[in-house]
Amino acid sequence: MAKKSRGLGAAKKLRSRAKEFRLHNKIYKRKAFDLKRIADPLEGSSQAKAIILEKVQVEAKQPNSAMRKCVRVQLIKNGKQITAFCPGDGASKMMDEHDEVIVECIGGKNHGKSKGDLSGIRWQVIKVNDQSLNALLSGKIEKARK
């Protein structure tokens with residue numbers, strides 16, 4: 001590999017070299033080609049409505065051995081299917097197939113990545129049939145029938 005140019009007249013060469021090697025930077029490439037929005041099933045929005053297809057259990061990564069309760073949902077806006085986590089104790093019991101839910105991005109340490117010991121799950125359920133999941137779990141309201 002060639003060495004970097006040095007000296008008084010090297011500015012143009014250094015600038016063009018920096019421009020060329022920017023594409024080797026993963027973060028730059030993601031921003032330049034807008035890859036996050038293209039790959040994101042929510043298409044840039046923070047929340048989206050979805051229909052529950054089935055309840056699933058996802059095995060946690062090592063060293064944990066839990067079966068995390070999740071739901072497989074289909075987004076209404078574009079028909080894409082994703083797996084969303086059900087936060088809270090007994091949350092999956094509040095959900096049935098064909099219920100309408102609202103999912104949001106979990107976030108985690110780096111936004112858009114999976115959280116904790118769940119591999120590949122980047123979304124969580126926050127509402128079921130237009131009622132807050134937290135309120136349902138705490139017993140403040142009962143689940144509405146749709």
# chains A, B, ... in the order shown; residues from 1 in each chain; ligands from 1
>>> residues_around(residues="Gly90 of chain A", least_positions_apart="5", cutoff="12 Å", atoms="only C-alpha atoms", output="number ranges by chain")
A: 68-70, 95, 133-134, 136-139
>>> closest_atom_pairs(of="segment 68-87 of chain A", to="segment 97-101 of chain A", cutoff="12 Å", atoms="only C-alpha atoms", output="CSV")
residue,atom,partner,partner_atom,distance
A:Val71,CA,A:Glu97,CA,9.1
A:Arg72,CA,A:Glu97,CA,9.5
A:Val73,CA,A:Val101,CA,8.5
A:Gln74,CA,A:Glu100,CA,9.8
A:Leu75,CA,A:Val101,CA,9.4
A:Ile76,CA,A:Glu100,CA,9.4
A:Ala84,CA,A:Val101,CA,10.1
A:Phe85,CA,A:Val101,CA,11.7
A:Cys86,CA,A:Val101,CA,10.8
>>> write_last_selection(atoms="N, CA and C atoms", output="short mmCIF file (atom, residue, chain, number, x, y, z; two decimals), in the first residue's frame")
data_model
loop_
_atom_site.label_atom_id
_atom_site.label_comp_id
_atom_site.auth_asym_id
_atom_site.auth_seq_id
_atom_site.Cartn_x
_atom_site.Cartn_y
_atom_site.Cartn_z
N VAL A 71 -43.97 -12.50 20.00
CA VAL A 71 -45.05 -12.72 19.04
C VAL A 71 -44.55 -12.43 17.64
N ARG A 72 -45.02 -13.23 16.70
CA ARG A 72 -44.72 -13.01 15.29
C ARG A 72 -45.85 -12.15 14.75
N VAL A 73 -45.51 -10.97 14.22
CA VAL A 73 -46.54 -10.03 13.76
C VAL A 73 -46.31 -9.65 12.31
N GLN A 74 -47.39 -9.22 11.66
CA GLN A 74 -47.30 -8.71 10.30
C GLN A 74 -47.69 -7.24 10.33
N LEU A 75 -46.78 -6.40 9.83
CA LEU A 75 -47.04 -4.97 9.82
C LEU A 75 -48.14 -4.62 8.83
N ILE A 76 -49.03 -3.71 9.24
CA ILE A 76 -50.15 -3.33 8.39
C ILE A 76 -49.67 -2.45 7.23
N ALA A 84 -41.62 -9.64 17.62
CA ALA A 84 -41.59 -8.59 18.64
C ALA A 84 -41.63 -9.21 20.03
N PHE A 85 -40.88 -8.62 20.94
CA PHE A 85 -40.79 -9.09 22.32
C PHE A 85 -41.99 -8.61 23.11
N CYS A 86 -42.47 -9.44 24.05
CA CYS A 86 -43.59 -9.08 24.93
C CYS A 86 -43.01 -8.77 26.31
#
>>> select_by_dssp(residues="chain A", states="alpha helix (DSSP H)", output="ChimeraX atom specification")
/A:11-21,26-32,35-39,133-138
>>> write_last_selection(atoms="N, CA and C atoms", output="short mmCIF file (atom, residue, chain, number, x, y, z; two decimals), in the first residue's frame")
data_model
loop_
_atom_site.label_atom_id
_atom_site.label_comp_id
_atom_site.auth_asym_id
_atom_site.auth_seq_id
_atom_site.Cartn_x
_atom_site.Cartn_y
_atom_site.Cartn_z
N ALA A 11 -2.15 18.64 -0.23
CA ALA A 11 -3.53 18.74 0.27
C ALA A 11 -4.53 18.08 -0.68
N LYS A 12 -4.40 18.31 -1.99
CA LYS A 12 -5.35 17.76 -2.95
C LYS A 12 -5.30 16.24 -2.96
N LYS A 13 -4.09 15.70 -2.93
CA LYS A 13 -3.90 14.26 -2.95
C LYS A 13 -4.47 13.63 -1.66
N LEU A 14 -4.23 14.28 -0.51
CA LEU A 14 -4.73 13.77 0.76
C LEU A 14 -6.25 13.78 0.80
N ARG A 15 -6.85 14.85 0.25
CA ARG A 15 -8.30 14.97 0.27
C ARG A 15 -8.95 13.90 -0.61
N SER A 16 -8.37 13.68 -1.79
CA SER A 16 -8.94 12.67 -2.68
C SER A 16 -8.76 11.26 -2.11
N ARG A 17 -7.66 11.05 -1.43
CA ARG A 17 -7.39 9.76 -0.79
C ARG A 17 -8.39 9.49 0.34
N ALA A 18 -8.67 10.53 1.14
CA ALA A 18 -9.64 10.40 2.23
C ALA A 18 -11.02 10.08 1.68
N LYS A 19 -11.37 10.73 0.56
CA LYS A 19 -12.67 10.51 -0.07
C LYS A 19 -12.79 9.06 -0.56
N GLU A 20 -11.72 8.56 -1.11
CA GLU A 20 -11.71 7.20 -1.64
C GLU A 20 -11.87 6.17 -0.51
N PHE A 21 -11.18 6.38 0.60
CA PHE A 21 -11.18 5.40 1.68
C PHE A 21 -12.37 5.54 2.63
N LYS A 26 -17.62 1.56 7.78
CA LYS A 26 -18.96 0.98 7.86
C LYS A 26 -20.02 2.02 8.22
N ILE A 27 -19.71 2.88 9.18
CA ILE A 27 -20.66 3.89 9.64
C ILE A 27 -20.94 4.90 8.53
N TYR A 28 -19.90 5.34 7.81
CA TYR A 28 -20.09 6.29 6.73
C TYR A 28 -20.96 5.70 5.62
N LYS A 29 -20.68 4.45 5.26
CA LYS A 29 -21.40 3.80 4.17
C LYS A 29 -22.89 3.67 4.51
N ARG A 30 -23.17 3.34 5.78
CA ARG A 30 -24.55 3.20 6.23
C ARG A 30 -25.31 4.51 6.09
N LYS A 31 -24.64 5.62 6.44
CA LYS A 31 -25.29 6.93 6.34
C LYS A 31 -25.39 7.40 4.89
N ALA A 32 -24.33 7.21 4.12
CA ALA A 32 -24.29 7.72 2.75
C ALA A 32 -25.33 7.07 1.86
N LEU A 35 -28.79 3.08 4.38
CA LEU A 35 -29.07 1.65 4.51
C LEU A 35 -29.99 1.32 5.67
N LYS A 36 -29.97 2.14 6.74
CA LYS A 36 -30.83 1.86 7.89
C LYS A 36 -32.30 1.96 7.50
N ARG A 37 -32.65 3.00 6.76
CA ARG A 37 -34.04 3.20 6.37
C ARG A 37 -34.50 2.14 5.38
N ILE A 38 -33.60 1.73 4.49
CA ILE A 38 -33.94 0.73 3.48
C ILE A 38 -34.19 -0.63 4.14
N ALA A 39 -33.35 -0.98 5.12
CA ALA A 39 -33.45 -2.30 5.76
C ALA A 39 -34.47 -2.33 6.89
N LEU A 133 -50.12 -1.92 27.28
CA LEU A 133 -49.74 -3.22 27.82
C LEU A 133 -49.42 -3.10 29.31
N ASN A 134 -48.81 -1.98 29.72
CA ASN A 134 -48.50 -1.77 31.14
C ASN A 134 -49.77 -1.71 31.98
N ALA A 135 -50.79 -1.01 31.47
CA ALA A 135 -52.05 -0.90 32.21
C ALA A 135 -52.75 -2.25 32.30
N LEU A 136 -52.68 -3.04 31.24
CA LEU A 136 -53.27 -4.38 31.25
C LEU A 136 -52.58 -5.27 32.28
N LEU A 137 -51.25 -5.20 32.34
CA LEU A 137 -50.49 -6.04 33.25
C LEU A 137 -50.69 -5.65 34.71
N SER A 138 -50.84 -4.35 34.96
CA SER A 138 -51.02 -3.89 36.35
C SER A 138 -52.46 -4.07 36.82
#
>>> closest_residue(among="A:Asp117, A:Asp130, A:Asp89, A:Glu142", to="Ser65 of chain A", atoms="only C-alpha atoms")
A:Asp117
>>> atom_distance(atom1="atom CA of Asn129 of chain A", atom2="atom CA of Ile51 of chain A")
9.8 Å
>>> closest_residue(among="A:Gly116, A:Lys143, A:Gly7, A:Leu23", to="Pro63 of chain A", atoms="only C-alpha atoms")
A:Gly116
>>> select_by_dssp(residues="segment 56-143 of chain A", states="strand (DSSP E)", output="ChimeraX atom specification")
/A:56-59,67-75,81-85,100-105,123-128,131-132
>>> atom_distance(atom1="atom CA of Ala60 of chain A", atom2="atom CA of Leu118 of chain A")
5.5 Å
>>> atom_distance(atom1="atom CA of Ile52 of chain A", atom2="atom CA of Asp96 of chain A")
7.2 Å
>>> residues_around(residues="Lys115 of chain A", least_positions_apart="5", cutoff="12 Å", atoms="only C-alpha atoms", output="list in words")
Ala60, Lys61, Ala84, Phe85, Pro87, Cys105, Ile106, Gly107, Gly108, Lys109, Asn110, Gly120, Ile121, Arg122, Trp123 and Gln124 of chain A
>>> write_last_selection(atoms="N, CA and C atoms", output="PDB file, in the first residue's frame")
ATOM      1  N   ALA A  60     -32.951 -17.576  24.895  1.00  0.00           N
ATOM      2  CA  ALA A  60     -31.996 -16.515  25.205  1.00  0.00           C
ATOM      3  C   ALA A  60     -30.573 -17.000  24.932  1.00  0.00           C
ATOM      4  N   LYS A  61     -29.692 -16.023  24.690  1.00  0.00           N
ATOM      5  CA  LYS A  61     -28.287 -16.368  24.425  1.00  0.00           C
ATOM      6  C   LYS A  61     -27.594 -16.812  25.716  1.00  0.00           C
ATOM      7  N   ALA A  84     -41.622  -9.637  17.624  1.00  0.00           N
ATOM      8  CA  ALA A  84     -41.588  -8.586  18.644  1.00  0.00           C
ATOM      9  C   ALA A  84     -41.630  -9.211  20.032  1.00  0.00           C
ATOM     10  N   PHE A  85     -40.876  -8.620  20.943  1.00  0.00           N
ATOM     11  CA  PHE A  85     -40.786  -9.093  22.321  1.00  0.00           C
ATOM     12  C   PHE A  85     -41.995  -8.610  23.113  1.00  0.00           C
ATOM     13  N   PRO A  87     -42.830  -7.494  26.663  1.00  0.00           N
ATOM     14  CA  PRO A  87     -42.214  -7.167  27.952  1.00  0.00           C
ATOM     15  C   PRO A  87     -43.215  -7.307  29.094  1.00  0.00           C
ATOM     16  N   CYS A 105     -39.431   0.272  18.367  1.00  0.00           N
ATOM     17  CA  CYS A 105     -38.044  -0.178  18.383  1.00  0.00           C
ATOM     18  C   CYS A 105     -37.575  -0.296  19.834  1.00  0.00           C
ATOM     19  N   ILE A 106     -36.902  -1.386  20.171  1.00  0.00           N
ATOM     20  CA  ILE A 106     -36.412  -1.576  21.539  1.00  0.00           C
ATOM     21  C   ILE A 106     -35.308  -0.574  21.842  1.00  0.00           C
ATOM     22  N   GLY A 107     -34.404  -0.381  20.909  1.00  0.00           N
ATOM     23  CA  GLY A 107     -33.297   0.531  21.153  1.00  0.00           C
ATOM     24  C   GLY A 107     -32.080  -0.229  21.615  1.00  0.00           C
ATOM     25  N   GLY A 108     -31.984  -0.450  22.914  1.00  0.00           N
ATOM     26  CA  GLY A 108     -30.803  -1.125  23.440  1.00  0.00           C
ATOM     27  C   GLY A 108     -29.623  -0.161  23.507  1.00  0.00           C
ATOM     28  N   LYS A 109     -28.433  -0.713  23.636  1.00  0.00           N
ATOM     29  CA  LYS A 109     -27.231   0.123  23.771  1.00  0.00           C
ATOM     30  C   LYS A 109     -27.011   0.939  22.494  1.00  0.00           C
ATOM     31  N   ASN A 110     -27.028   0.275  21.358  1.00  0.00           N
ATOM     32  CA  ASN A 110     -26.932   0.969  20.068  1.00  0.00           C
ATOM     33  C   ASN A 110     -28.315   0.894  19.448  1.00  0.00           C
ATOM     34  N   GLY A 120     -31.492 -10.959  17.461  1.00  0.00           N
ATOM     35  CA  GLY A 120     -32.303 -10.689  16.281  1.00  0.00           C
ATOM     36  C   GLY A 120     -33.663 -10.086  16.555  1.00  0.00           C
ATOM     37  N   ILE A 121     -33.998  -9.816  17.814  1.00  0.00           N
ATOM     38  CA  ILE A 121     -35.298  -9.209  18.120  1.00  0.00           C
ATOM     39  C   ILE A 121     -35.077  -7.752  18.479  1.00  0.00           C
ATOM     40  N   ARG A 122     -35.591  -6.865  17.613  1.00  0.00           N
ATOM     41  CA  ARG A 122     -35.326  -5.441  17.776  1.00  0.00           C
ATOM     42  C   ARG A 122     -36.579  -4.624  18.051  1.00  0.00           C
ATOM     43  N   TRP A 123     -37.710  -5.306  18.257  1.00  0.00           N
ATOM     44  CA  TRP A 123     -38.969  -4.581  18.481  1.00  0.00           C
ATOM     45  C   TRP A 123     -39.682  -5.141  19.684  1.00  0.00           C
ATOM     46  N   GLN A 124     -40.552  -4.317  20.296  1.00  0.00           N
ATOM     47  CA  GLN A 124     -41.345  -4.788  21.420  1.00  0.00           C
ATOM     48  C   GLN A 124     -42.766  -4.271  21.291  1.00  0.00           C
TER      49      GLN A 124
END
>>> closest_residue(among="A:Val56, A:Leu42, A:Ala48, A:Ala10", to="Ile126 of chain A", atoms="only C-alpha atoms")
A:Ala48
